[in-house]
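*Asks:* Sharing structure_2.cif (mmCIF, C-alpha atoms, pLDDT in the B column; chains and numbers go by the auth columns) below.
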data_start
loop_
_atom_site.group_PDB
_atom_site.id
_atom_site.type_symbol
_atom_site.label_atom_id
_atom_site.label_comp_id
_atom_site.label_asym_id
_atom_site.label_seq_id
_atom_site.Cartn_x
_atom_site.Cartn_y
_atom_site.Cartn_z
_atom_site.B_iso_or_equiv
_atom_site.auth_seq_id
_atom_site.auth_asym_id
ATOM 1 C CA MET A 1 -170.752 17.813 53.565 90.00 22 B
ATOM 2 C CA LYS A 2 -170.224 18.089 49.811 96.00 23 B
ATOM 3 C CA TYR A 3 -167.040 16.018 49.648 97.00 24 B
ATOM 4 C CA LYS A 4 -165.007 13.412 51.477 97.00 25 B
ATOM 5 C CA PHE A 5 -161.481 12.052 51.305 98.00 26 B
ATOM 6 C CA THR A 6 -161.060 8.971 49.106 97.00 27 B
ATOM 7 C CA GLY A 7 -158.203 7.568 51.165 97.00 28 B
ATOM 8 C CA LYS A 8 -155.712 8.110 48.321 97.00 29 B
ATOM 9 C CA THR A 9 -152.826 10.381 49.350 97.00 30 B
ATOM 10 C CA LYS A 10 -149.584 11.767 47.999 95.00 31 B
ATOM 11 C CA VAL A 11 -146.705 13.479 49.737 94.00 32 B
ATOM 12 C CA VAL A 12 -145.274 16.561 48.024 89.00 33 B
ATOM 13 C CA PHE A 13 -142.612 18.797 49.541 85.00 34 B
ATOM 14 C CA GLY A 14 -143.144 16.984 52.826 89.00 35 B
ATOM 15 C CA VAL A 15 -146.872 17.780 52.806 93.00 36 B
ATOM 16 C CA LYS A 16 -149.460 14.982 52.833 96.00 37 B
ATOM 17 C CA LEU A 17 -152.237 15.739 50.330 97.00 38 B
ATOM 18 C CA LYS A 18 -155.540 13.862 50.256 98.00 39 B
ATOM 19 C CA GLN A 19 -157.708 13.207 47.227 98.00 40 B
ATOM 20 C CA ILE A 20 -161.320 14.382 47.411 98.00 41 B
ATOM 21 C CA GLN A 21 -164.599 12.991 46.089 98.00 42 B
ATOM 22 C CA ALA A 22 -167.990 14.705 45.798 97.00 43 B
ATOM 23 C CA THR A 23 -170.585 13.186 48.156 97.00 44 B
ATOM 24 C CA LYS A 24 -173.455 15.013 46.420 97.00 45 B
ATOM 25 C CA SER A 25 -174.132 16.859 43.183 96.00 46 B
ATOM 26 C CA PHE A 26 -173.586 20.633 43.206 96.00 47 B
ATOM 27 C CA GLY A 27 -172.995 23.173 40.473 93.00 48 B
ATOM 28 C CA ILE A 28 -171.567 21.200 37.543 93.00 49 B
ATOM 29 C CA ILE A 29 -170.039 18.542 39.796 95.00 50 B
ATOM 30 C CA PRO A 30 -171.903 15.204 39.831 96.00 51 B
ATOM 31 C CA LYS A 31 -172.092 13.087 42.957 97.00 52 B
ATOM 32 C CA GLY A 32 -169.152 10.684 43.075 97.00 53 B
ATOM 33 C CA GLU A 33 -166.756 12.789 40.986 97.00 54 B
ATOM 34 C CA ILE A 34 -163.133 12.311 41.985 97.00 55 B
ATOM 35 C CA GLY A 35 -161.381 15.623 42.543 97.00 56 B
ATOM 36 C CA GLY A 36 -157.878 16.891 43.124 97.00 57 B
ATOM 37 C CA TYR A 37 -155.854 17.010 46.311 98.00 58 B
ATOM 38 C CA ILE A 38 -156.079 19.171 49.417 98.00 59 B
ATOM 39 C CA GLU A 39 -154.204 19.099 52.689 97.00 60 B
ATOM 40 C CA PHE A 40 -157.001 20.045 55.080 96.00 61 B
ATOM 41 C CA LYS A 41 -160.786 20.408 55.053 96.00 62 B
ATOM 42 C CA LYS A 42 -160.255 24.149 55.496 95.00 63 B
ATOM 43 C CA ASN A 43 -158.656 24.324 52.013 97.00 64 B
ATOM 44 C CA LEU A 44 -161.984 23.808 50.199 97.00 65 B
ATOM 45 C CA ASP A 45 -165.203 25.396 51.396 95.00 66 B
ATOM 46 C CA GLU A 46 -168.129 23.063 52.047 93.00 67 B
ATOM 47 C CA ASN A 47 -170.516 25.774 50.822 91.00 68 B
ATOM 48 C CA GLY A 48 -170.888 27.116 47.296 91.00 69 B
ATOM 49 C CA ASN A 49 -169.764 25.321 44.151 95.00 70 B
ATOM 50 C CA ALA A 50 -166.006 25.665 44.552 96.00 71 B
ATOM 51 C CA TRP A 51 -164.035 22.585 43.454 97.00 72 B
ATOM 52 C CA VAL A 52 -160.494 21.296 43.073 97.00 73 B
ATOM 53 C CA TYR A 53 -160.149 19.027 40.025 96.00 74 B
ATOM 54 C CA GLY A 54 -157.846 16.320 38.715 92.00 75 B
ATOM 55 C CA ASN A 55 -154.202 16.829 39.554 94.00 76 B
ATOM 56 C CA ALA A 56 -154.616 20.264 41.157 96.00 77 B
ATOM 57 C CA TRP A 57 -153.292 20.781 44.684 96.00 78 B
ATOM 58 C CA VAL A 58 -154.461 23.174 47.402 97.00 79 B
ATOM 59 C CA TYR A 59 -152.578 23.179 50.676 95.00 80 B
ATOM 60 C CA GLY A 60 -151.172 25.173 53.592 94.00 81 B
ATOM 61 C CA ASN A 61 -153.571 27.921 54.699 93.00 82 B
ATOM 62 C CA ALA A 62 -154.914 28.382 51.167 94.00 83 B
ATOM 63 C CA TRP A 63 -158.685 28.550 50.761 94.00 84 B
ATOM 64 C CA VAL A 64 -160.830 27.945 47.683 96.00 85 B
ATOM 65 C CA TYR A 65 -164.451 29.062 48.032 94.00 86 B
ATOM 66 C CA GLY A 66 -167.475 30.591 46.324 92.00 87 B
ATOM 67 C CA ASN A 67 -167.762 29.192 42.792 92.00 88 B
ATOM 68 C CA ALA A 68 -164.000 29.102 42.236 94.00 89 B
ATOM 69 C CA ARG A 69 -162.346 26.294 40.285 95.00 90 B
ATOM 70 C CA VAL A 70 -158.788 25.015 40.489 96.00 91 B
ATOM 71 C CA TYR A 71 -157.782 22.418 37.914 93.00 92 B
ATOM 72 C CA GLY A 72 -155.113 21.065 35.598 92.00 93 B
ATOM 73 C CA ASN A 73 -151.749 21.031 37.358 93.00 94 B
ATOM 74 C CA ALA A 74 -152.512 24.235 39.237 94.00 95 B
ATOM 75 C CA ARG A 75 -151.126 24.778 42.735 95.00 96 B
ATOM 76 C CA VAL A 76 -152.675 27.068 45.349 95.00 97 B
ATOM 77 C CA TYR A 77 -150.868 27.328 48.672 93.00 98 B
ATOM 78 C CA GLY A 78 -149.517 29.556 51.425 90.00 99 B
ATOM 79 C CA ASN A 79 -152.226 31.997 52.555 89.00 100 B
ATOM 80 C CA ALA A 80 -153.677 32.341 49.058 90.00 101 B
ATOM 81 C CA ARG A 81 -157.398 32.846 48.421 90.00 102 B
ATOM 82 C CA VAL A 82 -159.305 31.880 45.270 92.00 103 B
ATOM 83 C CA SER A 83 -162.968 32.884 45.293 89.00 104 B
ATOM 84 C CA GLY A 84 -165.961 34.187 43.357 87.00 105 B
ATOM 85 C CA ASP A 85 -166.064 32.677 39.857 88.00 106 B
ATOM 86 C CA ALA A 86 -162.274 32.722 39.586 89.00 107 B
ATOM 87 C CA GLN A 87 -160.420 29.949 37.768 90.00 108 B
ATOM 88 C CA VAL A 88 -156.839 28.828 38.257 93.00 109 B
ATOM 89 C CA TYR A 89 -155.626 26.186 35.810 91.00 110 B
ATOM 90 C CA GLY A 90 -152.845 24.858 33.628 89.00 111 B
ATOM 91 C CA ASP A 91 -149.547 24.937 35.497 89.00 112 B
ATOM 92 C CA ALA A 92 -150.470 28.179 37.271 88.00 113 B
ATOM 93 C CA ARG A 93 -149.321 28.903 40.810 88.00 114 B
ATOM 94 C CA VAL A 94 -151.081 31.146 43.354 88.00 115 B
ATOM 95 C CA PHE A 95 -149.293 31.489 46.671 83.00 116 B
ATOM 96 C CA GLY A 96 -148.149 33.760 49.480 82.00 117 B
ATOM 97 C CA ASP A 97 -150.948 36.132 50.504 77.00 118 B
ATOM 98 C CA ALA A 98 -152.240 36.413 46.932 80.00 119 B
ATOM 99 C CA GLN A 99 -155.957 36.677 46.179 78.00 120 B
ATOM 100 C CA VAL A 100 -157.731 35.755 42.949 83.00 121 B
ATOM 101 C CA CYS A 101 -161.445 36.490 42.805 78.00 122 B
ATOM 102 C CA GLY A 102 -164.361 37.776 40.767 74.00 123 B
ATOM 103 C CA ASP A 103 -164.245 36.392 37.223 76.00 124 B
ATOM 104 C CA ALA A 104 -160.448 36.417 37.123 77.00 125 B
ATOM 105 C CA LEU A 105 -158.531 33.721 35.225 79.00 126 B
ATOM 106 C CA VAL A 106 -154.980 32.620 35.994 83.00 127 B
ATOM 107 C CA SER A 107 -153.579 30.049 33.582 83.00 128 B
ATOM 108 C CA GLY A 108 -150.578 28.657 31.746 82.00 129 B
ATOM 109 C CA ASP A 109 -147.348 28.968 33.722 82.00 130 B
ATOM 110 C CA ALA A 110 -148.508 32.199 35.377 80.00 131 B
ATOM 111 C CA GLN A 111 -147.582 32.946 38.975 79.00 132 B
ATOM 112 C CA VAL A 112 -149.525 35.228 41.312 78.00 133 B
ATOM 113 C CA TYR A 113 -147.845 35.656 44.658 76.00 134 B
ATOM 114 C CA GLY A 114 -146.783 37.922 47.500 73.00 135 B
ATOM 115 C CA ASP A 115 -149.575 40.374 48.327 71.00 136 B
ATOM 116 C CA ALA A 116 -150.920 40.412 44.771 72.00 137 B
ATOM 117 C CA TRP A 117 -154.647 40.813 44.104 72.00 138 B
ATOM 118 C CA VAL A 118 -156.257 39.774 40.834 73.00 139 B
ATOM 119 C CA TYR A 119 -159.895 40.863 40.678 68.00 140 B
ATOM 120 C CA GLY A 120 -162.804 41.454 38.325 64.00 141 B
ATOM 121 C CA ASP A 121 -162.335 40.209 34.751 66.00 142 B
ATOM 122 C CA ALA A 122 -158.552 40.172 35.003 65.00 143 B
ATOM 123 C CA LEU A 123 -156.674 37.590 32.928 65.00 144 B
ATOM 124 C CA VAL A 124 -153.179 36.418 33.856 67.00 145 B
ATOM 125 C CA TYR A 125 -151.651 33.798 31.589 66.00 146 B
ATOM 126 C CA GLY A 126 -148.540 32.488 29.847 69.00 147 B
ATOM 127 C CA ASP A 127 -145.349 33.027 31.826 70.00 148 B
ATOM 128 C CA ALA A 128 -146.675 36.086 33.636 60.00 149 B
ATOM 129 C CA LYS A 129 -145.458 36.694 37.169 64.00 150 B
ATOM 130 C CA ILE A 130 -147.429 39.092 39.332 59.00 151 B
ATOM 131 C CA LYS A 131 -146.061 39.985 42.720 59.00 152 B
ATOM 132 C CA THR A 132 -147.174 43.567 43.253 57.00 153 B
ATOM 133 C CA ASN A 133 -150.772 44.398 44.011 57.00 154 B
ATOM 134 C CA VAL A 134 -153.134 44.110 41.071 56.00 155 B
ATOM 135 C CA LEU A 135 -156.617 45.497 41.467 55.00 156 B
ATOM 136 C CA ASN A 136 -159.233 45.392 38.734 54.00 157 B
ATOM 137 C CA LEU A 137 -162.582 47.108 39.386 52.00 158 B
ATOM 138 C CA ILE A 138 -165.225 46.892 36.710 47.00 159 B
ATOM 139 C CA ALA A 139 -168.439 47.757 38.545 47.00 160 B
ATOM 140 C CA SER A 140 -167.348 50.796 40.537 53.00 161 B
ATOM 141 C CA CYS A 141 -167.859 53.376 37.793 61.00 162 B
ATOM 142 C CA GLU A 142 -168.575 53.421 34.079 67.00 163 B
ATOM 143 C CA PHE A 143 -164.913 52.787 33.231 68.00 164 B
ATOM 144 C CA ASN A 144 -162.691 49.821 33.972 68.00 165 B
ATOM 145 C CA VAL A 145 -160.060 50.735 36.567 70.00 166 B
ATOM 146 C CA THR A 146 -156.981 48.508 36.786 69.00 167 B
ATOM 147 C CA ALA A 147 -154.063 49.071 39.130 68.00 168 B
ATOM 148 C CA TYR A 148 -150.734 47.256 39.175 63.00 169 B
ATOM 149 C CA GLY A 149 -147.511 48.227 40.863 63.00 170 B
ATOM 150 C CA LYS A 150 -147.258 52.020 40.792 72.00 171 B
ATOM 151 C CA HIS A 151 -149.597 52.471 37.814 73.00 172 B
ATOM 152 C CA VAL A 152 -153.346 52.900 37.514 76.00 173 B
ATOM 153 C CA GLN A 153 -155.280 52.642 34.261 72.00 174 B
ATOM 154 C CA PHE A 154 -158.636 54.422 34.122 75.00 175 B
ATOM 155 C CA GLY A 155 -160.434 53.612 30.883 70.00 176 B
ATOM 156 C CA CYS A 156 -157.685 54.108 28.300 70.00 177 B
ATOM 157 C CA TYR A 157 -155.657 56.587 30.408 76.00 178 B
ATOM 158 C CA LEU A 158 -152.570 55.206 32.147 76.00 179 B
ATOM 159 C CA HIS A 159 -150.646 57.205 34.778 81.00 180 B
ATOM 160 C CA THR A 160 -148.509 56.550 37.817 84.00 181 B
ATOM 161 C CA ILE A 161 -150.141 56.856 41.235 84.00 182 B
ATOM 162 C CA ALA A 162 -148.217 60.113 41.784 87.00 183 B
ATOM 163 C CA GLU A 163 -149.555 61.526 38.497 88.00 184 B
ATOM 164 C CA TRP A 164 -153.127 60.508 39.342 85.00 185 B
ATOM 165 C CA LYS A 165 -152.864 62.228 42.709 87.00 186 B
ATOM 166 C CA LYS A 166 -151.960 65.470 40.936 87.00 187 B
ATOM 167 C CA ILE A 167 -154.806 65.025 38.464 84.00 188 B
ATOM 168 C CA LEU A 168 -157.303 64.414 41.270 84.00 189 B
ATOM 169 C CA LYS A 169 -156.048 67.446 43.174 84.00 190 B
ATOM 170 C CA SER A 170 -156.509 69.658 40.126 80.00 191 B
ATOM 171 C CA ASN A 171 -160.086 68.367 39.553 70.00 192 B
ATOM 172 C CA LYS A 172 -159.220 67.393 35.969 64.00 193 B
ATOM 173 C CA THR A 173 -160.204 63.726 36.078 64.00 194 B
ATOM 174 C CA TYR A 174 -161.197 63.477 32.411 71.00 195 B
ATOM 175 C CA ARG A 175 -164.647 64.941 33.119 72.00 196 B
ATOM 176 C CA GLU A 176 -165.475 65.062 29.398 74.00 197 B
ATOM 177 C CA ASP A 177 -165.260 61.244 29.193 75.00 198 B
ATOM 178 C CA CYS A 178 -167.945 60.680 31.822 77.00 199 B
ATOM 179 C CA SER A 179 -171.594 60.549 30.799 78.00 200 B
ATOM 180 C CA SER A 180 -172.849 62.603 33.749 81.00 201 B
ATOM 181 C CA ASN A 181 -171.702 64.549 36.786 82.00 202 B
ATOM 182 C CA LYS A 182 -172.828 61.659 39.005 82.00 203 B
ATOM 183 C CA SER A 183 -170.648 59.278 36.992 78.00 204 B
ATOM 184 C CA TYR A 184 -167.748 61.723 37.174 79.00 205 B
ATOM 185 C CA GLN A 185 -167.993 61.889 40.972 81.00 206 B
ATOM 186 C CA GLN A 186 -168.176 58.092 41.203 79.00 207 B
ATOM 187 C CA CYS A 187 -165.082 57.755 39.003 78.00 208 B
ATOM 188 C CA ARG A 188 -163.170 60.207 41.205 81.00 209 B
ATOM 189 C CA LYS A 189 -164.226 58.239 44.259 80.00 210 B
ATOM 190 C CA THR A 190 -163.112 54.968 42.640 78.00 211 B
ATOM 191 C CA LEU A 191 -159.744 56.403 41.643 78.00 212 B
ATOM 192 C CA LYS A 192 -159.156 57.718 45.172 80.00 213 B
ATOM 193 C CA TYR A 193 -160.041 54.323 46.609 74.00 214 B
ATOM 194 C CA VAL A 194 -157.665 52.508 44.233 74.00 215 B
ATOM 195 C CA ILE A 195 -154.807 54.914 44.983 76.00 216 B
ATOM 196 C CA GLU A 196 -155.278 54.549 48.746 75.00 217 B
ATOM 197 C CA THR A 197 -155.431 50.755 48.414 67.00 218 B
ATOM 198 C CA MET A 198 -152.294 50.500 46.282 66.00 219 B
ATOM 199 C CA GLU A 199 -150.116 52.865 48.307 64.00 220 B
#
Transcribe the structure of this file into structure tokens.

*Replies:*
Amino acid sequence: MKYKFTGKTKVVFGVKLKQIQATKSFGIIPKGEIGGYIEFKKNLDENGNAWVYGNAWVYGNAWVYGNARVYGNARVYGNARVSGDAQVYGDARVFGDAQVCGDALVSGDAQVYGDAWVYGDALVYGDAKIKTNVLNLIASCEFNVTAYGKHVQFGCYLHTIAEWKKILKSNKTYREDCSSNKSYQQCRKTLKYVIETME
């Protein structure tokens, strides 16, 4: 057990949230540190270095795990998932079936919700609202591939999913930009995967 409930609670929107406290040192969290508020033990994984800080709230079926951090006045709820080295902070909201993972950052008054995915090194901040799927792959091929809504950006080329499908069919996937044939084939494979995932 890496944390316990302090006994301090607050009721928000009819939901009883309980303050947490670290029972041992892990990651950058010292033993005894007072954390934020969660509704259930299932909201914060006992493994890894994930933590909910200060005035942050995690409730419903939401789950924070891996090395993820939720802090500030951030709220994570619904069926949302925050994992990897992801950070959610400020007044950000992550809810619905949204997922934030990898090294992604969600901050400010940003909202990530619905079935949205924010992956890789993605950064969502300010008053941004992301509802459609967002997929950011940085290790799949030599170029960054980011998908959002009906658009996919491959390196510096941006097309709709329909346009990419035509490009892939014609075997003209910017071959000259790839450093080798192996890389070219991997990029084609990545693009096909992204298109299938976003459709």

*Asks:* Let me make sure I understand: among B:Tyr98, B:Tyr214, B:Tyr58, B:Tyr74, which one has the smallest atom-to-atom distance to B:Asp118 if we use all atoms listed in the file?

*Replies:*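 Checking each candidate against B:Asp118, we get B:Tyr98 as the closest.
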
*Asks:* Within 9 Å of (-151.7, 59.5, 41.9), in the coordinates the file gives, what residues turn up when you count all atoms listed in the file, written out as a short mmCIF file (atom, residue, chain, number, x, y, z; two decimals) with C-alpha atoms, keeping the file's coordinate frame?

*Replies:*
data_model
loop_
_atom_site.label_atom_id
_atom_site.label_comp_id
_atom_site.auth_asym_id
_atom_site.auth_seq_id
_atom_site.Cartn_x
_atom_site.Cartn_y
_atom_site.Cartn_z
CA LYS B 171 -147.26 52.02 40.79
CA HIS B 172 -149.60 52.47 37.81
CA VAL B 173 -153.35 52.90 37.51
CA HIS B 180 -150.65 57.20 34.78
CA THR B 181 -148.51 56.55 37.82
CA ILE B 182 -150.14 56.86 41.24
CA ALA B 183 -148.22 60.11 41.78
CA GLU B 184 -149.56 61.53 38.50
CA TRP B 185 -153.13 60.51 39.34
CA LYS B 186 -152.86 62.23 42.71
CA LYS B 187 -151.96 65.47 40.94
CA ILE B 188 -154.81 65.03 38.46
CA LEU B 189 -157.30 64.41 41.27
CA LEU B 212 -159.74 56.40 41.64
CA LYS B 213 -159.16 57.72 45.17
CA ILE B 216 -154.81 54.91 44.98
#

*Asks:* Would you translate the PyMOL selection byres ((chain B and resi 24-32) around 10) into the concrete set of residues it matches in this file, as an NGL selection string?

*Replies:* :B and (22-23 or 33-46 or 52-56 or 58-62 or 65-67 or 72)

*Asks:* Between B:Val139, B:Val215, B:Ala119, B:Val85, single out the one closest to B:Gln174, counting only C-alpha atoms.

*Replies:*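 For B:Gln174, the nearest of the given residues is B:Val215.
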
*Asks:* Find the residue from B:Gly93, B:Gly87, B:Gly99, B:Gly81 that sits nearest to B:Gly57; use only C-alpha atoms when measuring.

*Replies:*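 Smallest distance to B:Gly57 is found for B:Gly93.
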
*Asks:* Would you mind reading off the distance between atom CA of B:Val103 and atom CA of B:Asn68, one decimal, in Å?

*Replies:*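 Atom-to-atom, atom CA of B:Val103 to atom CA of B:Asn68, that is 13.9 Å.
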
*Asks:* May I ask which of the residues B:Cys208, B:Ala95, B:Val133, B:Ala89 is the closest one to B:Ala77, counting only C-alpha atoms?

*Replies:* B:Ala95

*Asks:* Quick check, in Å to one decimal: how far apart do atom CA of B:Lys63 and atom CA of B:Val121 lie?

*Replies:*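 Between atom CA of B:Lys63 and atom CA of B:Val121 the gap is 17.3 Å.
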
*Asks:* Which residues are near B:Arg114? Cut-off 8 Å, all atoms listed in the file, ignore same chain within fewer than 5 positions. Put them as number ranges by chain.

*Replies:* B: 95-97, 109, 130-134
